[in-house]
Structure formats: C-alpha cells, structure tokens
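Participant: My structure is stored as protein.txt, with compact mmCIF, C-alpha atoms.
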```
# COMPACT_ATOMS: atom_id res chain seq x y z
CA MET A 1 -34.12 12.11 -84.40
CA LYS A 2 -34.17 8.45 -83.43
CA ARG A 3 -37.29 6.96 -81.90
CA GLN A 4 -35.64 6.33 -78.53
CA ASP A 5 -34.42 9.95 -78.43
CA PHE A 6 -37.92 11.19 -79.18
CA GLU A 7 -39.40 8.95 -76.48
CA PHE A 8 -36.83 10.19 -73.95
CA LEU A 9 -37.65 13.84 -74.68
CA VAL A 10 -41.40 13.21 -74.55
CA THR A 11 -40.97 11.54 -71.15
CA LEU A 12 -38.87 14.44 -69.90
CA LEU A 13 -41.42 17.02 -71.07
CA ARG A 14 -44.30 15.08 -69.53
CA GLU A 15 -42.62 14.76 -66.14
CA ASN A 16 -41.39 18.35 -65.92
CA ALA A 17 -44.13 20.32 -67.66
CA GLY A 18 -47.07 17.91 -67.94
CA TRP A 19 -47.25 18.19 -71.71
CA ASP A 20 -48.58 15.20 -73.63
CA PHE A 21 -46.83 14.77 -76.99
CA ASP A 22 -47.62 11.80 -79.19
CA GLU A 23 -46.06 10.43 -82.36
CA GLU A 24 -48.17 12.76 -84.51
CA GLN A 25 -46.24 15.66 -82.98
CA TYR A 26 -42.84 14.16 -83.71
CA PHE A 27 -41.96 16.92 -86.17
CA VAL A 28 -42.89 19.64 -83.66
CA VAL A 29 -40.50 18.20 -81.08
CA ASP A 30 -37.83 17.51 -83.71
CA LYS A 31 -37.93 21.08 -85.07
CA LYS A 32 -37.79 22.75 -81.66
CA MET A 33 -35.00 20.49 -80.48
CA SER A 34 -33.05 21.11 -83.69
CA ASN A 35 -33.30 24.85 -83.04
CA PHE A 36 -32.21 24.37 -79.42
CA ILE A 37 -29.23 22.22 -80.41
CA ARG A 38 -28.11 24.78 -82.98
CA GLU A 39 -28.51 27.73 -80.60
CA LYS A 40 -26.65 26.02 -77.74
CA GLY A 41 -23.86 24.59 -79.90
CA TYR A 42 -24.46 20.86 -79.37
CA ALA A 43 -23.03 18.56 -82.02
CA SER A 44 -26.13 16.35 -82.10
CA VAL A 45 -29.31 15.42 -80.27
CA GLU A 46 -27.45 12.42 -78.86
CA GLU A 47 -24.93 14.75 -77.19
CA LEU A 48 -27.75 16.82 -75.69
CA ILE A 49 -29.58 13.75 -74.35
CA ALA A 50 -26.36 12.33 -72.87
CA GLU A 51 -26.02 15.53 -70.85
CA LEU A 52 -29.70 15.52 -69.90
CA LYS A 53 -29.30 12.01 -68.49
CA LEU A 54 -26.79 13.41 -66.01
CA GLY A 55 -29.73 15.15 -64.36
CA SER A 56 -28.74 18.81 -64.79
CA ARG A 57 -31.79 20.75 -63.55
CA PRO A 58 -30.81 24.03 -65.29
CA LEU A 59 -30.40 22.21 -68.63
CA ILE A 60 -33.72 20.40 -68.19
CA ALA A 61 -35.36 23.76 -67.46
CA GLN A 62 -33.87 25.23 -70.65
CA VAL A 63 -35.07 22.31 -72.78
CA VAL A 64 -38.57 22.50 -71.31
CA GLU A 65 -38.71 26.26 -71.88
CA SER A 66 -37.58 25.82 -75.48
CA MET A 67 -40.71 23.73 -76.07
CA ALA A 68 -43.08 26.33 -74.60
CA PHE A 69 -45.84 27.40 -76.97
CA SER A 70 -45.86 31.09 -77.90
CA ASP A 71 -48.83 31.49 -80.26
CA THR A 72 -50.53 34.66 -79.05
CA SER A 73 -51.78 38.08 -80.12
CA PHE A 74 -53.67 41.07 -78.78
CA TYR A 75 -57.44 40.44 -78.58
CA ARG A 76 -56.83 36.90 -79.82
CA ASP A 77 -60.12 35.45 -81.10
CA TYR A 78 -61.51 38.94 -81.48
CA ASP A 79 -65.15 37.96 -80.97
CA VAL A 80 -64.28 36.24 -77.68
CA PHE A 81 -62.49 39.30 -76.34
CA THR A 82 -65.07 41.82 -77.50
CA ARG A 83 -67.81 39.82 -75.76
CA PHE A 84 -65.67 39.75 -72.62
CA GLU A 85 -65.21 43.51 -72.85
CA ASN A 86 -68.76 44.45 -73.77
CA SER A 87 -70.86 41.84 -71.95
CA LEU A 88 -69.11 39.97 -69.15
CA LEU A 89 -66.81 42.73 -67.89
CA PRO A 90 -69.62 45.26 -67.24
CA ASN A 91 -71.53 42.61 -65.24
CA ILE A 92 -68.42 41.75 -63.22
CA ARG A 93 -67.82 45.44 -62.62
CA GLU A 94 -71.34 46.00 -61.29
CA SER A 95 -71.24 42.86 -59.11
CA ASN A 96 -68.08 44.12 -57.42
CA ARG A 97 -68.91 47.82 -57.22
CA ALA A 98 -69.22 47.71 -53.43
CA SER A 99 -65.74 46.29 -52.85
CA LYS A 100 -64.17 47.89 -55.93
CA LYS A 101 -61.70 45.04 -56.01
CA LEU A 102 -61.06 42.70 -58.94
CA ARG A 103 -58.47 40.03 -59.65
CA PHE A 104 -57.64 38.62 -63.10
CA TRP A 105 -55.17 35.86 -63.95
CA SER A 106 -53.86 34.95 -67.40
CA LEU A 107 -52.33 31.44 -67.28
CA GLY A 108 -49.93 30.60 -70.09
CA CYS A 109 -49.71 34.28 -71.00
CA SER A 110 -46.69 33.81 -73.32
CA THR A 111 -45.28 37.23 -74.26
CA GLY A 112 -48.06 39.14 -72.54
CA GLN A 113 -50.50 40.16 -75.26
CA GLU A 114 -53.51 38.51 -73.58
CA THR A 115 -52.69 40.05 -70.21
CA TYR A 116 -52.37 43.52 -71.69
CA SER A 117 -55.59 42.98 -73.64
CA VAL A 118 -57.41 42.46 -70.32
CA ALA A 119 -55.95 45.77 -69.11
CA PHE A 120 -57.05 47.51 -72.32
CA ALA A 121 -60.61 46.21 -71.90
CA ILE A 122 -60.76 47.38 -68.28
CA LYS A 123 -59.36 50.79 -69.23
CA ARG A 124 -62.08 51.17 -71.85
CA LYS A 125 -64.97 50.05 -69.62
CA PHE A 126 -64.24 51.53 -66.18
CA ILE A 127 -65.09 55.08 -65.21
CA GLY A 128 -63.17 56.29 -62.15
CA LEU A 129 -60.65 53.48 -62.54
CA ASP A 130 -58.28 55.06 -60.01
CA SER A 131 -60.75 54.28 -57.21
CA TRP A 132 -60.64 50.55 -57.97
CA ASP A 133 -58.17 47.96 -56.65
CA ILE A 134 -57.47 45.93 -59.78
CA SER A 135 -54.75 43.31 -60.22
CA ILE A 136 -53.99 41.59 -63.52
CA LEU A 137 -51.46 38.77 -63.36
CA GLY A 138 -49.83 36.99 -66.28
CA THR A 139 -47.84 33.79 -65.77
CA ASP A 140 -45.96 31.49 -68.10
CA LEU A 141 -43.41 28.69 -67.93
CA SER A 142 -41.00 30.51 -70.24
CA SER A 143 -38.72 33.03 -68.56
CA VAL A 144 -37.87 34.43 -72.01
CA ALA A 145 -41.55 35.09 -72.73
CA ILE A 146 -42.07 36.63 -69.30
CA ALA A 147 -39.09 38.94 -69.80
CA LYS A 148 -40.59 40.23 -73.05
CA ALA A 149 -44.00 40.65 -71.42
CA GLN A 150 -42.44 42.66 -68.60
CA ARG A 151 -40.74 44.97 -71.10
CA GLY A 152 -44.10 45.67 -72.74
CA GLN A 153 -42.46 46.47 -76.08
CA TYR A 154 -43.78 45.13 -79.37
CA ASN A 155 -42.98 45.69 -83.03
CA ASN A 156 -45.31 46.93 -85.77
CA PHE A 157 -46.38 43.44 -86.77
CA GLU A 158 -47.14 42.40 -83.18
CA VAL A 159 -49.30 45.41 -82.29
CA GLN A 160 -51.23 45.13 -85.55
CA MET A 161 -52.14 41.54 -84.69
CA GLY A 162 -55.53 42.23 -83.10
CA LEU A 163 -55.43 46.01 -82.56
CA ASN A 164 -56.60 48.79 -84.84
CA ALA A 165 -54.75 52.09 -85.27
CA ARG A 166 -56.91 53.89 -82.71
CA MET A 167 -56.22 51.32 -79.99
CA ILE A 168 -52.50 51.29 -80.76
CA LEU A 169 -52.32 55.07 -80.32
CA GLU A 170 -54.49 54.89 -77.20
CA PHE A 171 -52.44 52.30 -75.30
CA PHE A 172 -48.90 52.61 -76.73
CA HIS A 173 -46.34 55.21 -77.59
CA GLN A 174 -43.72 54.80 -80.28
CA ASP A 175 -40.22 53.91 -79.14
CA GLY A 176 -38.07 53.84 -82.25
CA ASP A 177 -38.98 53.24 -85.87
CA ASN A 178 -40.47 49.78 -85.42
CA GLN A 179 -41.21 49.54 -81.69
CA TRP A 180 -44.25 50.39 -79.60
CA GLN A 181 -44.07 50.67 -75.82
CA VAL A 182 -47.09 50.03 -73.58
CA ASN A 183 -48.12 53.24 -71.81
CA GLU A 184 -47.20 53.56 -68.15
CA ASP A 185 -50.80 53.64 -66.90
CA ILE A 186 -51.36 50.23 -68.53
CA ALA A 187 -48.04 48.82 -67.33
CA LYS A 188 -48.97 49.67 -63.74
CA MET A 189 -52.08 47.48 -63.98
CA VAL A 190 -50.25 44.24 -64.79
CA GLU A 191 -47.69 41.93 -63.22
CA PHE A 192 -45.83 39.05 -64.84
CA ARG A 193 -44.26 36.06 -63.13
CA ARG A 194 -42.80 32.73 -64.19
CA TYR A 195 -44.91 29.75 -63.13
CA ASN A 196 -44.86 26.04 -63.95
CA MET A 197 -48.49 24.91 -63.89
CA LEU A 198 -47.52 21.60 -62.26
CA ASP A 199 -46.34 23.46 -59.17
CA ASP A 200 -48.48 24.20 -56.14
CA VAL A 201 -49.78 27.69 -55.45
CA THR A 202 -51.31 29.48 -52.54
CA TYR A 203 -52.97 32.86 -52.80
CA THR A 204 -54.18 35.84 -50.79
CA SER A 205 -57.26 36.69 -52.87
CA LYS A 206 -59.69 34.83 -55.11
CA TYR A 207 -59.80 35.53 -58.84
CA GLU A 208 -62.97 36.81 -60.48
CA VAL A 209 -61.71 35.83 -63.95
CA ILE A 210 -59.04 33.32 -64.98
CA PHE A 211 -57.92 33.00 -68.60
CA CYS A 212 -56.46 29.58 -69.45
CA ARG A 213 -57.03 29.56 -73.17
CA ASN A 214 -55.52 26.89 -75.43
CA VAL A 215 -53.23 25.75 -72.62
CA LEU A 216 -54.77 22.71 -70.92
CA ARG A 217 -55.22 20.80 -74.15
CA TYR A 218 -51.45 20.24 -74.30
CA PHE A 219 -51.36 18.53 -70.90
CA ALA A 220 -51.73 14.84 -70.12
CA PRO A 221 -55.25 14.03 -68.78
CA GLU A 222 -54.13 13.42 -65.19
CA TYR A 223 -52.41 16.81 -65.11
CA GLN A 224 -55.45 18.51 -66.62
CA GLN A 225 -57.49 17.41 -63.63
CA GLN A 226 -54.86 18.53 -61.13
CA ILE A 227 -54.67 21.96 -62.74
CA LEU A 228 -58.44 22.34 -62.93
CA GLU A 229 -58.75 21.54 -59.23
CA ARG A 230 -55.97 23.96 -58.38
CA ILE A 231 -57.36 26.91 -60.33
CA SER A 232 -60.94 26.25 -59.19
CA ASN A 233 -59.66 26.60 -55.63
CA CYS A 234 -58.45 30.07 -56.64
CA GLN A 235 -62.02 31.15 -57.38
CA ASN A 236 -65.25 31.62 -55.45
CA ARG A 237 -68.54 30.23 -56.65
CA GLY A 238 -69.50 32.16 -59.79
CA GLY A 239 -65.91 32.93 -60.81
CA ILE A 240 -65.31 32.94 -64.56
CA LEU A 241 -62.89 30.63 -66.40
CA TYR A 242 -62.01 31.16 -70.06
CA LEU A 243 -60.78 28.19 -72.08
CA GLY A 244 -59.81 28.31 -75.74
CA LYS A 245 -62.49 28.78 -78.36
CA ASN A 246 -64.32 25.44 -78.67
CA GLU A 247 -61.77 23.86 -76.30
CA HIS A 248 -63.23 21.18 -74.04
CA ILE A 249 -61.29 19.45 -71.29
CA PRO A 250 -62.72 16.12 -70.07
CA GLY A 251 -63.79 16.26 -66.44
CA ILE A 252 -64.15 20.02 -66.27
CA GLU A 253 -67.78 19.54 -65.22
CA GLU A 254 -66.62 18.52 -61.75
CA TYR A 255 -65.39 22.04 -61.11
CA TYR A 256 -67.14 24.30 -63.61
CA GLU A 257 -70.36 24.56 -65.54
CA LYS A 258 -70.60 26.08 -69.00
CA LEU A 259 -72.03 29.57 -69.30
CA GLY A 260 -74.98 29.51 -71.69
CA GLY A 261 -74.43 31.29 -74.98
CA TYR A 262 -70.64 31.06 -74.80
CA ASN A 263 -68.49 28.27 -76.24
CA CYS A 264 -65.43 28.92 -74.07
CA VAL A 265 -66.68 30.43 -70.78
CA TYR A 266 -67.23 28.42 -67.60
CA VAL A 267 -68.58 29.32 -64.17
CA CYS A 268 -66.93 27.98 -61.02
CA LYS A 269 -69.13 25.72 -58.90
CA GLY A 270 -67.28 26.77 -55.76
CA ILE A 271 -66.35 23.27 -54.66
CA GLU A 272 -63.99 23.53 -51.72
CA LYS A 273 -61.04 21.22 -52.16
CA HIS A 274 -57.62 21.09 -50.57
CA GLN A 275 -55.14 23.40 -52.23
CA SER A 276 -52.05 21.25 -51.88
CA SER A 277 -50.92 17.85 -50.75
CA GLU A 278 -47.91 19.46 -49.06
CA PRO A 279 -47.92 20.28 -45.36
CA ILE A 280 -49.05 23.83 -44.69
CA SER A 281 -45.72 24.60 -43.06
CA GLN A 282 -44.01 24.11 -46.44
CA ILE A 283 -46.12 26.75 -48.17
CA PRO A 284 -44.78 30.32 -47.84
CA ALA A 285 -47.08 32.58 -45.86
CA ALA A 286 -48.46 35.67 -47.53
CA THR A 287 -46.93 38.90 -46.32
CA ALA A 288 -49.52 41.22 -47.81
CA ASP A 289 -52.88 41.10 -49.55
CA THR A 290 -51.39 41.73 -52.96
CA GLY A 291 -53.81 39.49 -54.80
CA SER A 292 -50.94 37.65 -56.46
CA PRO A 293 -50.45 33.94 -55.88
CA ILE A 294 -47.37 32.78 -54.03
CA PHE A 295 -45.75 30.04 -56.06
CA VAL A 296 -44.06 27.08 -54.48
CA ARG A 297 -40.73 26.60 -56.28
CA PRO A 298 -41.23 29.67 -58.53
CA ASP A 299 -37.77 29.64 -60.08
CA ILE A 300 -36.96 25.95 -60.52
CA LEU A 301 -38.69 22.87 -61.78
CA SER A 302 -40.11 20.53 -59.17
CA THR A 303 -37.61 18.33 -57.42
CA LYS A 304 -40.41 15.91 -56.52
CA ARG A 305 -40.92 14.71 -60.07
CA PRO A 306 -38.33 12.12 -61.16
CA LEU A 307 -35.88 12.99 -63.88
CA ALA A 308 -36.41 11.33 -67.21
CA SER A 309 -32.94 9.86 -66.87
CA GLU A 310 -34.05 8.10 -63.67
CA PHE A 311 -37.15 6.77 -65.40
CA ILE A 312 -35.30 5.49 -68.44
CA GLY A 313 -32.65 3.84 -66.30
CA LYS A 314 -35.17 1.57 -64.54
```
Take the structure in the file and give it back as structure tokens.
Facilitator:
Amino acid sequence: MKRQDFEFLVTLLRENAGWDFDEEQYFVVDKKMSNFIREKGYASVEELIAELKLGSRPLIAQVVESMAFSDTSFYRDYDVFTRFENSLLPNIRESNRASKKLRFWSLGCSTGQETYSVAFAIKRKFIGLDSWDISILGTDLSSVAIAKAQRGQYNNFEVQMGLNARMILEFFHQDGDNQWQVNEDIAKMVEFRRYNMLDDVTYTSKYEVIFCRNVLRYFAPEYQQQILERISNCQNRGGILYLGKNEHIPGIEEYYEKLGGYNCVYVCKGIEKHQSSEPISQIPAATADTGSPIFVRPDILSTKRPLASEFIGK
C-alpha cells in the first residue's frame, strides 16, 4: 500500500469512526484492507480508494466496519470479571434493592461475549431475579459482530475462552457437534444494537454500570473526550465505568474518579453536561421507559462529518 493510500484510509477512519491510526499501525491497516479487497473482488487498493473518493456512504460504512476490532472472550481478564461478580455486583444489587431496577451497557461489545458475561454474573448473584427489572445492552459499530451476538451461538473454542465446563453447561445448550447456543433465559436479559460511538445518543434511564474496556484507547484524543462526556451523562453520580485493565485515558478525571483498589474501575462524578449539540427537536423522543438509549443515526454513518474524499480534495 502506498503512503498516500494509507494516509487517505487513516483520514477516512478518523473522520467516520474516530480511530487514531499512526504509521506504527501501517501493517494492521494494510492487512485488513487486503482482506477487504480480496473479499469484495477489487483489483487493487487503488481501485477501492477511487470508488471511496466518489463518496459512497454504504461503501465507506463497509470499509469502516472491516476495520472494527473483534478481540473478545467470555469473562475476559478473568480477575476483573470475578471481582465485578463477587464484589461490585453485590454492592450494586443492595444499593438498588428498593427500586429493583438496574441498567448495564457494554460499549464496543464485538460479538457479544462481554455482554453475555454480565448476564451470567447477574444470574449467579441474584436471588429472585424475576422480580428485578434488569436491562443489559451491548453495542458495537460492526453490524456483522452485532448479528453474531444476537444469534448467541458460539463454537467449542469460543465458549472455552473464559468459561469452565460447569458454566458452559449452566448457560448454554448444545446445538450441533461444534455449536453452543445461549439459553433462552439468558438471551432474554440482553439486547444488541449497532452504534457508532461518534454519534449522539439520548436515553430514558441512567446506567449503573458501563463497560467500555479497551475501546477508547483507539480513538483520537478529541474524540475520547467527547465520548467520555457523552457516557458520563448517561450515569448518575456514583455510576461505575469499566475501562480496560491498566487502560488510562487522559482527561478522564474531569468526569470520573478512580475507585480505590481497582486498576480499571471509575466512579462517575455526576457532572451535569449537555447531552448533544443538536437541537432537542432533532433527537427522537422516547416512546417507553425501556432503559435502552435512542441512537441518532443508528443505521448510517454521520452525514455531518466530511468525507475523506472532500478533505483530500482541498
């Protein structure tokens, strides 16, 4: 891949997904684009970029999705998840026993393993779960990843990544020789939706816990701050934010303070900030208190951000 082609793709990814690739990640971009070109039948990267410069939004969306990161597993960073299950979750449960209502959000959920892991932990720690109003949302930029998460079907290798035999048998049933299907009672606890983290969001309920692990570090600094402000507005004071293990995002202290004894858990300061720069009339009104955010432009990339072809042409 030529340098100018790499720079064009990096600009496109930054404008449409917020990701910040530098020259050290040249081979990551080159490999993913080579796979995309082969799968879609393009003769070369030059042919792909020529078409991208025409401003095709569906093609731009496909290219951006092809670069989405998919590194995930059940109970990823096992010590982090077991401490969530055994320490934080019981405290959150007791603090909300009067309302019996809890909202969880997994941002950058990929193929759903983290979101289902939250459901597993809740299933293991809640007595009388049927009397609780619990919503667990998983969102990701990749529609392919979301489709797999919604199916809730994983192969032998995938379920063994983080789960022992007892947990597999507790939360899945076998569906074929090499496939495990999430049980219906778990599937009912979760919802998956496509969401570009650069897009605005309004919501009908605040989130007690938001997982955004190993996601923000890929964004350009200015987008990191926008996203932190946006998700902090989705939480009340005392809400919990999980980042990646030992992940630190500059400027997070404006919105969150670190929870003592944990290297990836932050507590929301409850700073009230505006949710969106758009007029309220442009944000869809909630029709029910579902606890799920309502995404502005949920199915397309933002038309406000300029195309890379427009940027390069100046």
Participant: Tell me, as a VMD selection string, which residues lie within 9 Å of range 135-152 of chain A, counting all atoms listed in the file; anything in the same chain fewer than 4 positions away does not count.
Facilitator: chain A and resid 17 62 64 to 70 101 to 116 118 to 119 180 to 183 187 189 to 197 290 to 293
Participant: Output as a tab-separated table one row per residue of range 25-97 of chain A within 12 Å of range 251-269 of chain A: the closest atom pair and its distance in Å to one decimal place, counting only C-alpha atoms, sorted by chain and residue number ascending.
Facilitator:
```
residue	atom	partner	partner_atom	distance
A:Asp77	CA	A:Cys264	CA	11.0
A:Asp79	CA	A:Tyr262	CA	10.8
A:Val80	CA	A:Cys264	CA	8.2
A:Phe81	CA	A:Cys264	CA	11.0
A:Arg83	CA	A:Tyr262	CA	9.3
A:Phe84	CA	A:Val265	CA	9.6
A:Ser87	CA	A:Tyr262	CA	11.2
A:Leu88	CA	A:Val265	CA	10.0
```
Participant: Take the selection from the previous step and output its residues with C-alpha atoms, as a CSV table (one decimal), in the coordinates of the input.
Facilitator:
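Output (result-v9.csv):
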```
chain,number,residue,atom,x,y,z
A,77,ASP,CA,-60.1,35.4,-81.1
A,79,ASP,CA,-65.2,38.0,-81.0
A,80,VAL,CA,-64.3,36.2,-77.7
A,81,PHE,CA,-62.5,39.3,-76.3
A,83,ARG,CA,-67.8,39.8,-75.8
A,84,PHE,CA,-65.7,39.8,-72.6
A,87,SER,CA,-70.9,41.8,-72.0
A,88,LEU,CA,-69.1,40.0,-69.2
```
Participant: Range 35-51 of chain A, all listed atoms, 6 Å padding on each side: what axis-aligned box centre and edge lengths in Å to one decimal come out, as lines of an AutoDock Vina configuration file?
Facilitator:
```
center_x = -28.2
center_y = 20.0
center_z = -76.9
size_x = 22.3
size_y = 27.4
size_z = 24.2
```
Participant: Report, in Å to a single decimal, how far apart CA of Tyr75 in chain A and CA of Ser131 in chain A are.
Facilitator: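 Atom-to-atom, CA of Ser131 in chain A to CA of Tyr75 in chain A, that is 25.7 Å.
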Participant: Can you list, as a PyMOL selection string, every protein, DNA or RNA residue that comes within 10 Å of range 3-8 of chain A when you count all atoms listed in the file, leaving out same-chain residues fewer than 5 positions away?
Facilitator: chain A and resi 13-14+21-23+26-27+29-30+33+45-46+48-49+52-53+308-309+311-312
Participant: Distance CA of Asn16 in chain A-CA of Asn236 in chain A, one decimal place?
Facilitator: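 These two atoms are separated by 29.2 Å.
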Participant: Please indicate the distance in Å from CA of Leu163 in chain A to CA of Gly244 in chain A, rounded to one decimal place.
Facilitator: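 We find that CA of Leu163 in chain A and CA of Gly244 in chain A lie 19.5 Å from each other.
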Participant: At a cut-off of 12 Å, using only C-alpha atoms, what residues contact Leu216 in chain A? Leave out same-chain residues fewer than 2 positions from it and give the result as an mmCIF file with C-alpha atoms, keeping the file's coordinate frame.
Facilitator:
```cif
data_model
loop_
_atom_site.group_PDB
_atom_site.id
_atom_site.type_symbol
_atom_site.label_atom_id
_atom_site.label_comp_id
_atom_site.auth_asym_id
_atom_site.auth_seq_id
_atom_site.Cartn_x
_atom_site.Cartn_y
_atom_site.Cartn_z
ATOM 1 C CA ALA A 17 -44.130 20.320 -67.660
ATOM 2 C CA GLY A 18 -47.070 17.910 -67.940
ATOM 3 C CA TRP A 19 -47.250 18.190 -71.710
ATOM 4 C CA ASP A 20 -48.580 15.200 -73.630
ATOM 5 C CA PHE A 69 -45.840 27.400 -76.970
ATOM 6 C CA LEU A 107 -52.330 31.440 -67.280
ATOM 7 C CA GLY A 108 -49.930 30.600 -70.090
ATOM 8 C CA MET A 197 -48.490 24.910 -63.890
ATOM 9 C CA LEU A 198 -47.520 21.600 -62.260
ATOM 10 C CA PHE A 211 -57.920 33.000 -68.600
ATOM 11 C CA CYS A 212 -56.460 29.580 -69.450
ATOM 12 C CA ARG A 213 -57.030 29.560 -73.170
ATOM 13 C CA ASN A 214 -55.520 26.890 -75.430
ATOM 14 C CA TYR A 218 -51.450 20.240 -74.300
ATOM 15 C CA PHE A 219 -51.360 18.530 -70.900
ATOM 16 C CA ALA A 220 -51.730 14.840 -70.120
ATOM 17 C CA PRO A 221 -55.250 14.030 -68.780
ATOM 18 C CA GLU A 222 -54.130 13.420 -65.190
ATOM 19 C CA TYR A 223 -52.410 16.810 -65.110
ATOM 20 C CA GLN A 224 -55.450 18.510 -66.620
ATOM 21 C CA GLN A 225 -57.490 17.410 -63.630
ATOM 22 C CA GLN A 226 -54.860 18.530 -61.130
ATOM 23 C CA ILE A 227 -54.670 21.960 -62.740
ATOM 24 C CA LEU A 228 -58.440 22.340 -62.930
ATOM 25 C CA ILE A 231 -57.360 26.910 -60.330
ATOM 26 C CA TYR A 242 -62.010 31.160 -70.060
ATOM 27 C CA LEU A 243 -60.780 28.190 -72.080
ATOM 28 C CA GLY A 244 -59.810 28.310 -75.740
ATOM 29 C CA GLU A 247 -61.770 23.860 -76.300
ATOM 30 C CA HIS A 248 -63.230 21.180 -74.040
ATOM 31 C CA ILE A 249 -61.290 19.450 -71.290
ATOM 32 C CA PRO A 250 -62.720 16.120 -70.070
ATOM 33 C CA GLY A 251 -63.790 16.260 -66.440
ATOM 34 C CA ILE A 252 -64.150 20.020 -66.270
#
```
